[in-house]
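K.L.:
Structure supplied as query.pdb; contents: PDB, C-alpha atoms.
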```
MODEL        1
ATOM      1  CA  MET A  58      86.241  23.108 120.925
ATOM      2  CA  SER A  59      88.312  26.265 120.471
ATOM      3  CA  ALA A  60      91.825  26.203 121.859
ATOM      4  CA  THR A  61      93.183  28.830 124.232
ATOM      5  CA  ILE A  62      96.694  29.222 125.529
ATOM      6  CA  ASP A  63      95.719  27.339 128.655
ATOM      7  CA  ASP A  64      94.386  24.347 126.735
ATOM      8  CA  ILE A  65      96.179  21.102 126.078
ATOM      9  CA  ARG A  66      95.513  18.730 123.234
ATOM     10  CA  VAL A  67      94.684  15.080 123.741
ATOM     11  CA  THR A  68      93.317  12.385 121.466
ATOM     12  CA  LEU A  69      89.912  11.147 122.550
ATOM     13  CA  ASN A  70      88.473   8.087 120.786
ATOM     14  CA  GLY A  71      90.685   8.789 117.811
ATOM     15  CA  GLU A  72      89.738  12.492 117.504
ATOM     16  CA  PRO A  73      91.692  15.580 118.606
ATOM     17  CA  HIS A  74      90.210  17.124 121.738
ATOM     18  CA  CYS A  75      91.160  20.173 123.849
ATOM     19  CA  VAL A  76      90.941  20.216 127.630
ATOM     20  CA  PRO A  77      91.917  22.998 130.065
ATOM     21  CA  TYR A  78      95.402  22.805 131.534
ATOM     22  CA  GLY A  79      95.273  20.792 134.754
ATOM     23  CA  CYS A  80      92.071  19.013 133.766
ATOM     24  CA  THR A  81      91.587  15.639 135.412
ATOM     25  CA  LEU A  82      90.017  12.620 133.798
ATOM     26  CA  ALA A  83      87.021  13.098 136.100
ATOM     27  CA  GLY A  84      86.759  16.693 134.858
ATOM     28  CA  LEU A  85      86.797  15.585 131.227
ATOM     29  CA  ILE A  86      84.136  12.924 131.826
ATOM     30  CA  THR A  87      81.912  15.490 133.529
ATOM     31  CA  ALA A  88      82.524  18.018 130.738
ATOM     32  CA  ILE A  89      81.429  15.557 128.051
ATOM     33  CA  ASP A  90      78.510  14.425 130.191
ATOM     34  CA  LEU A  91      79.167  10.697 130.500
ATOM     35  CA  ASP A  92      77.870   8.419 133.245
ATOM     36  CA  VAL A  93      80.992   7.017 134.910
ATOM     37  CA  ARG A  94      79.095   3.884 135.929
ATOM     38  CA  LYS A  95      78.667   2.841 132.292
ATOM     39  CA  ILE A  96      82.125   3.409 130.850
ATOM     40  CA  ALA A  97      85.742   2.281 131.005
ATOM     41  CA  VAL A  98      88.761   4.403 130.174
ATOM     42  CA  GLU A  99      92.134   3.527 128.739
ATOM     43  CA  ARG A 100      94.872   6.171 128.878
ATOM     44  CA  ASN A 101      97.918   5.544 126.714
ATOM     45  CA  ARG A 102      96.890   1.884 126.530
ATOM     46  CA  GLU A 103      96.646   1.488 130.317
ATOM     47  CA  ILE A 104      93.294   0.887 132.013
ATOM     48  CA  VAL A 105      92.450   3.709 134.409
ATOM     49  CA  PRO A 106      90.593   2.344 137.450
ATOM     50  CA  ARG A 107      87.300   4.160 137.950
ATOM     51  CA  SER A 108      88.205   5.048 141.531
ATOM     52  CA  THR A 109      91.194   7.081 140.335
ATOM     53  CA  TYR A 110      89.580   9.339 137.692
ATOM     54  CA  ALA A 111      89.814  12.388 139.946
ATOM     55  CA  ASP A 112      93.517  11.760 140.571
ATOM     56  CA  VAL A 113      94.569  11.509 136.924
ATOM     57  CA  THR A 114      95.683  14.856 135.493
ATOM     58  CA  LEU A 115      95.664  14.832 131.702
ATOM     59  CA  ALA A 116      98.941  15.559 129.922
ATOM     60  CA  PRO A 117      99.490  16.950 126.422
ATOM     61  CA  GLY A 118      99.375  14.192 123.837
ATOM     62  CA  ASP A 119      97.490  11.711 126.017
ATOM     63  CA  THR A 120      95.599   9.139 124.011
ATOM     64  CA  LEU A 121      92.286   8.241 125.619
ATOM     65  CA  GLU A 122      89.810   5.534 124.752
ATOM     66  CA  ILE A 123      86.410   5.718 126.415
ATOM     67  CA  VAL A 124      84.228   2.671 125.801
ATOM     68  CA  HIS A 125      80.889   1.248 126.851
ATOM     69  CA  PHE A 126      78.727  -1.804 126.159
ATOM     70  CA  ILE A 127      76.646  -1.989 123.021
ATOM     71  CA  GLY A 128      74.607  -4.731 121.392
ATOM     72  CA  GLY A 129      76.651  -7.673 120.174
ATOM     73  CA  GLY A 130      76.530 -11.406 119.652
TER      74      GLY A 130
ATOM     75  CA  MET B 264      62.358 -35.224 142.110
ATOM     76  CA  ASP B 265      63.596 -34.832 138.549
ATOM     77  CA  GLY B 266      60.739 -32.581 137.515
ATOM     78  CA  HIS B 267      60.191 -30.719 134.303
ATOM     79  CA  SER B 268      60.759 -27.308 135.832
ATOM     80  CA  PRO B 269      63.961 -25.592 134.742
ATOM     81  CA  ALA B 270      64.840 -25.056 138.397
ATOM     82  CA  ALA B 271      65.264 -28.811 138.755
ATOM     83  CA  ASP B 272      67.795 -28.816 135.928
ATOM     84  CA  GLN B 273      70.144 -25.907 136.421
ATOM     85  CA  TRP B 274      73.550 -25.669 134.791
ATOM     86  CA  SER B 275      76.547 -23.780 136.025
ATOM     87  CA  VAL B 276      79.569 -22.077 134.572
ATOM     88  CA  ALA B 277      82.494 -20.849 136.660
ATOM     89  CA  GLY B 278      80.420 -21.330 139.824
ATOM     90  CA  ARG B 279      77.450 -19.292 138.615
ATOM     91  CA  ARG B 280      74.146 -21.168 138.374
ATOM     92  CA  PHE B 281      71.488 -20.575 135.730
ATOM     93  CA  ASP B 282      68.031 -21.949 134.963
ATOM     94  CA  SER B 283      67.910 -20.864 131.328
ATOM     95  CA  ARG B 284      70.035 -22.792 128.853
ATOM     96  CA  LEU B 285      69.596 -20.153 126.178
ATOM     97  CA  ILE B 286      72.154 -17.348 125.961
ATOM     98  CA  VAL B 287      71.226 -14.551 123.585
ATOM     99  CA  GLY B 288      73.179 -11.865 121.794
ATOM    100  CA  THR B 289      72.089  -8.237 121.864
ATOM    101  CA  GLY B 290      73.314  -7.272 118.371
ATOM    102  CA  LYS B 291      71.619  -6.810 114.992
ATOM    103  CA  TYR B 292      68.206  -5.689 116.302
ATOM    104  CA  VAL B 293      66.353  -2.821 114.615
ATOM    105  CA  ASP B 294      66.234  -0.868 117.884
ATOM    106  CA  LEU B 295      66.775  -1.187 121.620
ATOM    107  CA  PRO B 296      63.097  -1.612 122.615
ATOM    108  CA  THR B 297      62.881  -4.630 120.278
ATOM    109  CA  THR B 298      66.140  -5.937 121.758
ATOM    110  CA  ALA B 299      64.682  -5.683 125.253
ATOM    111  CA  ALA B 300      61.365  -7.299 124.299
ATOM    112  CA  ALA B 301      63.001 -10.204 122.479
ATOM    113  CA  ILE B 302      65.447 -10.879 125.282
ATOM    114  CA  ALA B 303      62.626 -10.856 127.829
ATOM    115  CA  ALA B 304      60.687 -13.347 125.663
ATOM    116  CA  SER B 305      63.743 -15.605 125.353
ATOM    117  CA  GLY B 306      63.911 -16.131 129.101
ATOM    118  CA  ALA B 307      67.702 -15.823 128.835
ATOM    119  CA  GLN B 308      69.670 -14.927 131.952
ATOM    120  CA  ILE B 309      72.975 -14.310 130.174
ATOM    121  CA  VAL B 310      73.332 -11.836 127.294
ATOM    122  CA  THR B 311      76.396 -11.208 125.177
ATOM    123  CA  VAL B 312      77.483  -7.606 124.673
ATOM    124  CA  ALA B 313      80.186  -5.854 122.657
ATOM    125  CA  VAL B 314      82.619  -3.166 123.797
ATOM    126  CA  ARG B 315      82.915  -0.064 121.621
ATOM    127  CA  ARG B 316      83.931   3.585 121.790
ATOM    128  CA  VAL B 317      81.347   5.922 123.304
ATOM    129  CA  ASN B 318      79.729   7.997 120.560
ATOM    130  CA  LEU B 319      80.905  11.507 121.472
ATOM    131  CA  SER B 320      79.006  13.215 118.663
ATOM    132  CA  ASP B 321      75.632  11.959 119.910
ATOM    133  CA  ARG B 322      75.843  11.469 123.641
ATOM    134  CA  ASN B 323      72.058  11.404 123.998
ATOM    135  CA  ALA B 324      71.868   8.245 121.902
ATOM    136  CA  PRO B 325      70.078   5.502 123.871
ATOM    137  CA  MET B 326      72.370   3.071 125.659
ATOM    138  CA  LEU B 327      71.988  -0.692 125.844
ATOM    139  CA  GLN B 328      72.208  -0.664 129.637
ATOM    140  CA  ASP B 329      69.082   1.519 129.828
ATOM    141  CA  PHE B 330      67.066  -1.182 128.037
ATOM    142  CA  VAL B 331      68.793  -4.424 129.042
ATOM    143  CA  SER B 332      69.956  -3.801 132.576
ATOM    144  CA  PRO B 333      73.024  -5.533 133.971
ATOM    145  CA  ALA B 334      70.993  -5.734 137.182
ATOM    146  CA  ASP B 335      68.564  -8.084 135.410
ATOM    147  CA  TYR B 336      70.924 -10.045 133.139
ATOM    148  CA  THR B 337      74.458 -11.402 133.415
ATOM    149  CA  TYR B 338      76.455  -9.450 130.839
ATOM    150  CA  LEU B 339      78.890 -11.606 128.906
ATOM    151  CA  PRO B 340      81.267  -9.205 127.150
ATOM    152  CA  ASN B 341      82.660 -10.502 123.856
ATOM    153  CA  THR B 342      85.674  -9.742 121.711
ATOM    154  CA  ALA B 343      83.759  -9.348 118.449
ATOM    155  CA  GLY B 344      85.770  -7.382 115.938
ATOM    156  CA  CYS B 345      89.094  -8.530 117.395
ATOM    157  CA  PHE B 346      91.355 -10.282 114.930
ATOM    158  CA  THR B 347      94.425 -10.586 117.162
ATOM    159  CA  ALA B 348      95.000 -11.964 120.636
ATOM    160  CA  GLU B 349      96.313  -8.573 121.775
ATOM    161  CA  ASP B 350      93.111  -6.786 120.718
ATOM    162  CA  ALA B 351      90.977  -9.427 122.432
ATOM    163  CA  VAL B 352      92.823  -9.098 125.735
ATOM    164  CA  ARG B 353      92.753  -5.296 125.590
ATOM    165  CA  THR B 354      89.005  -5.287 124.867
ATOM    166  CA  LEU B 355      88.132  -7.612 127.735
ATOM    167  CA  ARG B 356      90.270  -5.702 130.216
ATOM    168  CA  LEU B 357      88.192  -2.626 129.327
ATOM    169  CA  ALA B 358      85.006  -4.675 129.640
ATOM    170  CA  ARG B 359      86.010  -5.809 133.115
ATOM    171  CA  GLU B 360      86.622  -2.216 134.163
ATOM    172  CA  ALA B 361      83.319  -1.048 132.642
ATOM    173  CA  GLY B 362      81.241  -3.769 134.213
ATOM    174  CA  GLY B 363      83.188  -5.331 137.006
ATOM    175  CA  TRP B 364      82.646  -8.864 135.659
ATOM    176  CA  ASN B 365      85.350 -11.347 134.878
ATOM    177  CA  LEU B 366      83.130 -13.857 133.016
ATOM    178  CA  VAL B 367      83.816 -13.194 129.343
ATOM    179  CA  LYS B 368      83.346 -14.625 125.864
ATOM    180  CA  LEU B 369      86.567 -14.903 123.909
ATOM    181  CA  GLU B 370      86.339 -15.021 120.137
ATOM    182  CA  VAL B 371      89.246 -14.357 117.823
ATOM    183  CA  LEU B 372      88.133 -14.658 114.234
ATOM    184  CA  GLY B 373      89.832 -15.156 110.945
ATOM    185  CA  PRO B 374      88.940 -13.034 107.925
ATOM    186  CA  ALA B 375      85.711 -13.044 105.896
ATOM    187  CA  PRO B 376      84.042 -14.880 104.265
ATOM    188  CA  THR B 377      84.303 -17.646 106.893
ATOM    189  CA  LEU B 378      85.046 -15.638 110.067
ATOM    190  CA  TYR B 379      86.196 -19.049 111.261
ATOM    191  CA  PRO B 380      87.804 -19.130 114.732
ATOM    192  CA  ASP B 381      91.540 -18.368 114.509
ATOM    193  CA  MET B 382      92.653 -21.095 116.880
ATOM    194  CA  PRO B 383      96.353 -20.155 117.335
ATOM    195  CA  ALA B 384      95.303 -16.607 118.242
ATOM    196  CA  THR B 385      92.483 -17.970 120.418
ATOM    197  CA  PHE B 386      94.954 -20.097 122.409
ATOM    198  CA  GLU B 387      97.270 -17.126 122.867
ATOM    199  CA  ALA B 388      94.455 -14.843 124.054
ATOM    200  CA  ALA B 389      92.954 -17.525 126.322
ATOM    201  CA  LYS B 390      96.315 -18.031 128.017
ATOM    202  CA  ALA B 391      96.752 -14.304 128.660
ATOM    203  CA  LEU B 392      93.173 -13.840 129.894
ATOM    204  CA  ILE B 393      93.255 -16.827 132.250
ATOM    205  CA  ALA B 394      96.566 -15.580 133.671
ATOM    206  CA  ASP B 395      94.879 -12.211 134.221
ATOM    207  CA  GLY B 396      92.045 -13.751 136.268
ATOM    208  CA  PHE B 397      89.278 -13.937 133.673
ATOM    209  CA  ASP B 398      86.738 -16.766 133.491
ATOM    210  CA  VAL B 399      86.896 -17.488 129.787
ATOM    211  CA  MET B 400      84.038 -18.970 127.782
ATOM    212  CA  VAL B 401      85.699 -19.632 124.468
ATOM    213  CA  TYR B 402      84.327 -19.669 120.941
ATOM    214  CA  CYS B 403      86.205 -22.288 118.973
ATOM    215  CA  ALA B 404      86.364 -24.595 116.004
ATOM    216  CA  ASP B 405      84.416 -27.872 116.081
ATOM    217  CA  ASP B 406      87.731 -29.618 116.752
ATOM    218  CA  PRO B 407      87.748 -32.059 119.703
ATOM    219  CA  ILE B 408      91.520 -31.805 120.180
ATOM    220  CA  ALA B 409      91.511 -28.007 120.286
ATOM    221  CA  ALA B 410      88.445 -28.020 122.547
ATOM    222  CA  LYS B 411      90.110 -30.347 125.055
ATOM    223  CA  ARG B 412      93.273 -28.255 125.045
ATOM    224  CA  LEU B 413      91.267 -25.094 125.779
ATOM    225  CA  GLU B 414      89.619 -26.886 128.699
ATOM    226  CA  GLU B 415      92.986 -28.051 130.024
ATOM    227  CA  MET B 416      94.257 -24.471 129.832
ATOM    228  CA  GLY B 417      91.455 -23.450 132.185
ATOM    229  CA  CYS B 418      88.641 -22.179 129.969
ATOM    230  CA  VAL B 419      85.333 -22.410 131.869
ATOM    231  CA  ALA B 420      83.148 -23.257 128.861
ATOM    232  CA  ILE B 421      83.811 -24.545 125.356
ATOM    233  CA  MET B 422      81.697 -23.005 122.602
ATOM    234  CA  PRO B 423      82.208 -24.630 119.206
ATOM    235  CA  LEU B 424      80.475 -23.164 116.198
ATOM    236  CA  GLY B 425      77.536 -25.037 114.708
ATOM    237  CA  ALA B 426      78.007 -23.219 111.394
ATOM    238  CA  PRO B 427      79.602 -19.896 110.348
ATOM    239  CA  ILE B 428      78.539 -16.833 112.363
ATOM    240  CA  GLY B 429      75.276 -15.365 111.117
ATOM    241  CA  SER B 430      74.765 -18.137 108.550
ATOM    242  CA  GLY B 431      71.727 -19.760 110.153
ATOM    243  CA  LEU B 432      72.753 -23.116 108.662
ATOM    244  CA  GLY B 433      72.292 -25.157 111.843
ATOM    245  CA  VAL B 434      74.702 -27.711 113.305
ATOM    246  CA  GLN B 435      76.798 -28.822 110.330
ATOM    247  CA  ASN B 436      79.112 -31.213 112.152
ATOM    248  CA  PRO B 437      77.043 -32.966 114.834
ATOM    249  CA  LEU B 438      79.492 -35.847 115.144
ATOM    250  CA  MET B 439      82.345 -33.588 116.269
ATOM    251  CA  ILE B 440      80.076 -31.540 118.543
ATOM    252  CA  GLN B 441      79.076 -34.802 120.207
ATOM    253  CA  GLN B 442      82.725 -35.870 120.553
ATOM    254  CA  ILE B 443      83.529 -32.532 122.204
ATOM    255  CA  ILE B 444      80.585 -32.924 124.608
ATOM    256  CA  GLU B 445      81.534 -36.465 125.567
ATOM    257  CA  ALA B 446      85.137 -35.499 126.327
ATOM    258  CA  ALA B 447      84.446 -32.236 128.186
ATOM    259  CA  GLN B 448      84.333 -31.727 131.953
ATOM    260  CA  VAL B 449      83.164 -28.113 131.512
ATOM    261  CA  PRO B 450      79.957 -26.874 129.832
ATOM    262  CA  VAL B 451      79.781 -27.110 126.042
ATOM    263  CA  LEU B 452      77.607 -24.633 124.154
ATOM    264  CA  VAL B 453      76.870 -24.398 120.457
ATOM    265  CA  ASP B 454      77.665 -20.821 119.533
ATOM    266  CA  ALA B 455      76.936 -19.538 116.033
ATOM    267  CA  GLY B 456      74.987 -21.151 113.244
ATOM    268  CA  VAL B 457      71.561 -21.645 114.806
ATOM    269  CA  GLY B 458      68.972 -20.540 112.234
ATOM    270  CA  THR B 459      65.648 -21.613 113.643
ATOM    271  CA  ALA B 460      64.086 -23.490 116.544
ATOM    272  CA  THR B 461      64.896 -26.982 115.239
ATOM    273  CA  ASP B 462      68.621 -26.127 115.197
ATOM    274  CA  ALA B 463      68.552 -25.083 118.845
ATOM    275  CA  ALA B 464      66.576 -28.174 119.848
ATOM    276  CA  PHE B 465      68.966 -30.387 117.857
ATOM    277  CA  ALA B 466      72.025 -28.888 119.576
ATOM    278  CA  MET B 467      70.428 -29.542 122.963
ATOM    279  CA  GLU B 468      69.502 -33.104 121.964
ATOM    280  CA  LEU B 469      73.176 -33.721 121.205
ATOM    281  CA  GLY B 470      73.797 -32.964 124.886
ATOM    282  CA  CYS B 471      74.965 -29.356 124.817
ATOM    283  CA  ASP B 472      74.664 -27.588 128.167
ATOM    284  CA  ALA B 473      73.300 -24.468 126.492
ATOM    285  CA  VAL B 474      72.976 -22.693 123.153
ATOM    286  CA  LEU B 475      73.961 -19.177 122.155
ATOM    287  CA  VAL B 476      71.712 -17.416 119.632
ATOM    288  CA  ASN B 477      71.733 -13.924 118.167
ATOM    289  CA  SER B 478      71.011 -13.560 114.435
ATOM    290  CA  ALA B 479      68.283 -16.201 114.356
ATOM    291  CA  ILE B 480      66.240 -14.087 116.765
ATOM    292  CA  ALA B 481      67.292 -10.593 115.713
ATOM    293  CA  HIS B 482      66.822 -11.279 111.983
ATOM    294  CA  ALA B 483      63.544 -13.200 112.280
ATOM    295  CA  GLN B 484      60.553 -11.376 110.849
ATOM    296  CA  ASP B 485      59.124 -11.266 114.374
ATOM    297  CA  PRO B 486      62.089 -11.344 116.766
ATOM    298  CA  VAL B 487      59.951 -11.492 119.917
ATOM    299  CA  LEU B 488      58.024 -14.523 118.633
ATOM    300  CA  MET B 489      61.248 -16.239 117.534
ATOM    301  CA  ALA B 490      62.778 -15.563 120.953
ATOM    302  CA  ALA B 491      59.838 -17.428 122.513
ATOM    303  CA  ALA B 492      60.317 -20.224 119.960
ATOM    304  CA  MET B 493      64.006 -20.542 120.875
ATOM    305  CA  LYS B 494      63.151 -20.682 124.561
ATOM    306  CA  ALA B 495      60.707 -23.534 123.923
ATOM    307  CA  ALA B 496      63.120 -25.302 121.551
ATOM    308  CA  VAL B 497      65.994 -25.255 124.023
ATOM    309  CA  GLN B 498      63.719 -26.577 126.752
ATOM    310  CA  ALA B 499      62.315 -29.279 124.443
ATOM    311  CA  GLY B 500      65.761 -30.321 123.246
ATOM    312  CA  ARG B 501      67.049 -30.519 126.786
ATOM    313  CA  LEU B 502      64.083 -32.606 127.958
ATOM    314  CA  ALA B 503      64.510 -34.942 124.980
ATOM    315  CA  PHE B 504      68.219 -35.349 125.761
ATOM    316  CA  ARG B 505      67.438 -36.172 129.374
ATOM    317  CA  ALA B 506      64.633 -38.513 128.363
ATOM    318  CA  GLY B 507      66.935 -40.471 126.048
ATOM    319  CA  ARG B 508      65.645 -41.016 122.541
ATOM    320  CA  MET B 509      64.357 -44.354 121.242
ATOM    321  CA  PRO B 510      66.707 -46.493 119.179
ATOM    322  CA  ARG B 511      66.670 -45.863 115.456
ATOM    323  CA  ARG B 512      65.308 -48.763 113.363
ATOM    324  CA  THR B 513      65.534 -49.340 109.686
ATOM    325  CA  ALA B 514      62.173 -51.118 109.494
ATOM    326  CA  ALA B 515      58.693 -50.119 110.605
ATOM    327  CA  ASN B 516      57.367 -51.344 113.934
ATOM    328  CA  PRO B 517      53.628 -50.908 114.510
ATOM    329  CA  SER B 518      52.543 -48.692 117.377
ATOM    330  CA  SER B 519      49.238 -50.493 117.946
ATOM    331  CA  PRO B 520      48.929 -54.082 119.197
ATOM    332  CA  THR B 521      48.814 -56.684 116.474
ATOM    333  CA  THR B 522      46.694 -59.002 118.630
ATOM    334  CA  GLY B 523      42.967 -58.858 119.397
ATOM    335  CA  LEU B 524      42.043 -57.667 115.926
ATOM    336  CA  ILE B 525      38.384 -58.214 114.898
ATOM    337  CA  ARG B 526      37.937 -60.927 112.352
TER     338      ARG B 526
ENDMDL
END
```
As structure tokens, what does this structure read like?

P.N.:
Amino acid sequence: MSATIDDIRVTLNGEPHCVPYGCTLAGLITAIDLDVRKIAVERNREIVPRSTYADVTLAPGDTLEIVHFIGGG
Amino acid sequence: MDGHSPAADQWSVAGRRFDSRLIVGTGKYVDLPTTAAAIAASGAQIVTVAVRRVNLSDRNAPMLQDFVSPADYTYLPNTAGCFTAEDAVRTLRLAREAGGWNLVKLEVLGPAPTLYPDMPATFEAAKALIADGFDVMVYCADDPIAAKRLEEMGCVAIMPLGAPIGSGLGVQNPLMIQQIIEAAQVPVLVDAGVGTATDAAFAMELGCDAVLVNSAIAHAQDPVLMAAAMKAAVQAGRLAFRAGRMPRRTAANPSSPTTGLIR
């Protein structure tokens, strides 16, 4: 993703990622096309409740982990 | 009244009731359709799942939930891959947010080649999870003292290993598994080590409430057939336990009458 002056940099699942300034967590999840019903998000090591995704504005340097269920024993 | 139907012999964990005494893992299968078919054949109602990062480079990759629906099965999130109590707690908090369930499988492992349960770290994680409102089914060593302590802490099920994870060596320490069962007031499950149907039946004959199987099904040459075998084995083992086996004898005892023989 190419950076513009209005972009901020976050770390998403260990990789650098650019999002527009003012982007919310809900906006990011929509942009990367994930089904919110199947994921959980941690922001700077704090769980973000699903009901609050639209209220969380991403800040420069945020570290995000987005996880889901996979096969396991 | 005490019929042979599973419905007449339910078991419960943390207030949830189940007919099937076989819990299956969803890992190690060649693909998700095979996973779904094997799990359906197993008759399991609870499936273990792992929590991992979403693959952002291939977001069209098939997802477990599309093949094994949480609407059809009780998801039991695990802490596989966690080697510290902190990682285990963090993982299960994410699992709870992803799924909305608080019934979880705690496993904190030591390093390869044994991957043996790290009991000090398991105690630490169990304490934190119970304080945070989780119902913890705990993978543990085949150690009756540790098992009882986990129960006293508030774990809802005790799950000693039968043999090392993925080894398929069967129940290596039946005496201690039996001691754990006899002392426990919560369900005891053999988790890890089952290799084939006899191992599952044997665990149930010892008096386990249920058995957890993954590799033995996923790595069978025909996983769907082995899943059906495990279902039958768990049912057979349970029935045999309830029936109460005959006493062992060191000498033969004829099965046919010794009187009325023709002369």

K.L.:
Hey, what's within 7 Å of Gln308 of chain B if we count only C-alpha atoms and toss same-chain stuff fewer than 4 positions away? As a PyMOL selection string, please?

P.N.:
chain B and resi 283+286+336-337

K.L.:
Create the file for the chosen residues now, containing C-alpha atoms and written as an mmCIF file, keeping the file's coordinate frame.

P.N.:
```
data_model
loop_
_atom_site.group_PDB
_atom_site.id
_atom_site.type_symbol
_atom_site.label_atom_id
_atom_site.label_comp_id
_atom_site.auth_asym_id
_atom_site.auth_seq_id
_atom_site.Cartn_x
_atom_site.Cartn_y
_atom_site.Cartn_z
ATOM 1 C CA SER B 283 67.910 -20.864 131.328
ATOM 2 C CA ILE B 286 72.154 -17.348 125.961
ATOM 3 C CA TYR B 336 70.924 -10.045 133.139
ATOM 4 C CA THR B 337 74.458 -11.402 133.415
#
```

K.L.:
To one decimal place in Å, what is the distance between atom CA of Cys403 of chain B and atom CA of Val497 of chain B?

P.N.:
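Result for atom CA of Cys403 of chain B versus atom CA of Val497 of chain B: 21.0 Å, one decimal.
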
K.L.:
Quick one: residues within 7 Å of segment 106-123 of chain A, only C-alpha atoms counted, chain neighbours fewer than 3 positions away excluded, as a list in words?

P.N.:
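Near neighbours after the sequence-gap exclusion: Ile65, Arg66, Val67, Thr68, Leu69, Asn70, Gly79, Cys80, Thr81, Leu82, Ala83, Ile96, Ala97, Val98, Glu99, Arg100 and Asn101 of chain A; Arg316, Val317 and Glu360 of chain B.
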
K.L.:
Could you give me, as JSON lines, a per-residue list for chain B showing, wherever an atom lies at most 6 Å from an atom of chain A, the closest pair of atoms and their distance in Å to one decimal, using all atoms listed in the file and sorting by chain then residue number from low to high?

P.N.:
```
{"residue": "B:Gly288", "atom": "CA", "partner": "A:Gly130", "partner_atom": "CA", "distance": 4.0}
{"residue": "B:Thr289", "atom": "CA", "partner": "A:Gly128", "partner_atom": "CA", "distance": 4.3}
{"residue": "B:Gly290", "atom": "CA", "partner": "A:Gly129", "partner_atom": "CA", "distance": 3.8}
{"residue": "B:Thr311", "atom": "CA", "partner": "A:Gly130", "partner_atom": "CA", "distance": 5.5}
{"residue": "B:Val312", "atom": "CA", "partner": "A:Gly129", "partner_atom": "CA", "distance": 4.6}
{"residue": "B:Ala313", "atom": "CA", "partner": "A:Gly129", "partner_atom": "CA", "distance": 4.7}
{"residue": "B:Val314", "atom": "CA", "partner": "A:Phe126", "partner_atom": "CA", "distance": 4.8}
{"residue": "B:Arg315", "atom": "CA", "partner": "A:Val124", "partner_atom": "CA", "distance": 5.2}
{"residue": "B:Arg316", "atom": "CA", "partner": "A:Val124", "partner_atom": "CA", "distance": 4.1}
{"residue": "B:Val317", "atom": "CA", "partner": "A:Val124", "partner_atom": "CA", "distance": 5.0}
{"residue": "B:Leu327", "atom": "CA", "partner": "A:Ile127", "partner_atom": "CA", "distance": 5.6}
{"residue": "B:Leu357", "atom": "CA", "partner": "A:Ala97", "partner_atom": "CA", "distance": 5.7}
{"residue": "B:Glu360", "atom": "CA", "partner": "A:Ala97", "partner_atom": "CA", "distance": 5.6}
{"residue": "B:Ala361", "atom": "CA", "partner": "A:Ala97", "partner_atom": "CA", "distance": 4.4}
{"residue": "B:Asn477", "atom": "CA", "partner": "A:Gly130", "partner_atom": "CA", "distance": 5.6}
```

K.L.:
Could you give me, as number ranges by chain, the residues within 10 Å of Phe346 of chain B, counting all atoms listed in the file and dropping anything in the same chain fewer than 4 positions from it?

P.N.:
B: 342, 350-351, 370-374, 378, 380-381, 384-385

K.L.:
Any chance you can output those residues with C-alpha atoms as a PDB file, in the frame of the given file?

P.N.:
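As a result, result29.pdb now contains:
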```pdb
ATOM      1  CA  THR B 342      85.674  -9.742 121.711  1.00  0.00           C
ATOM      2  CA  ASP B 350      93.111  -6.786 120.718  1.00  0.00           C
ATOM      3  CA  ALA B 351      90.977  -9.427 122.432  1.00  0.00           C
ATOM      4  CA  GLU B 370      86.339 -15.021 120.137  1.00  0.00           C
ATOM      5  CA  VAL B 371      89.246 -14.357 117.823  1.00  0.00           C
ATOM      6  CA  LEU B 372      88.133 -14.658 114.234  1.00  0.00           C
ATOM      7  CA  GLY B 373      89.832 -15.156 110.945  1.00  0.00           C
ATOM      8  CA  PRO B 374      88.940 -13.034 107.925  1.00  0.00           C
ATOM      9  CA  LEU B 378      85.046 -15.638 110.067  1.00  0.00           C
ATOM     10  CA  PRO B 380      87.804 -19.130 114.732  1.00  0.00           C
ATOM     11  CA  ASP B 381      91.540 -18.368 114.509  1.00  0.00           C
ATOM     12  CA  ALA B 384      95.303 -16.607 118.242  1.00  0.00           C
ATOM     13  CA  THR B 385      92.483 -17.970 120.418  1.00  0.00           C
TER      14      THR B 385
END
```

K.L.:
Which residue is closest to Leu452 of chain B? Choose from B:Cys471, B:Val434, B:Leu413, B:Ile480 and count all atoms listed in the file.

P.N.:
B:Cys471

K.L.:
Do you know which residues lie at most 12 Å from (66.7, -28.1, 121.0), with coordinates as in the file and only C-alpha atoms counted, and could you write them as a count of residues only?

P.N.:
40

K.L.:
Since I can't run it myself right now, could you work out what the PyMOL selection byres ((chain B and resi 366) around 10) selects here and report it as a PyMOL selection string?

P.N.:
chain B and resi 276-277+279+337-341+355+358-359+363-365+367-369+396-400+419

K.L.:
Pick out the residues sitting within 6 Å of segment 302-306 of chain B, and hand them over as a VMD selection string; count all atoms listed in the file, and ignore anything fewer than 2 positions along from it in its own chain.

P.N.:
chain B and resid 299 to 300 490 to 491 494
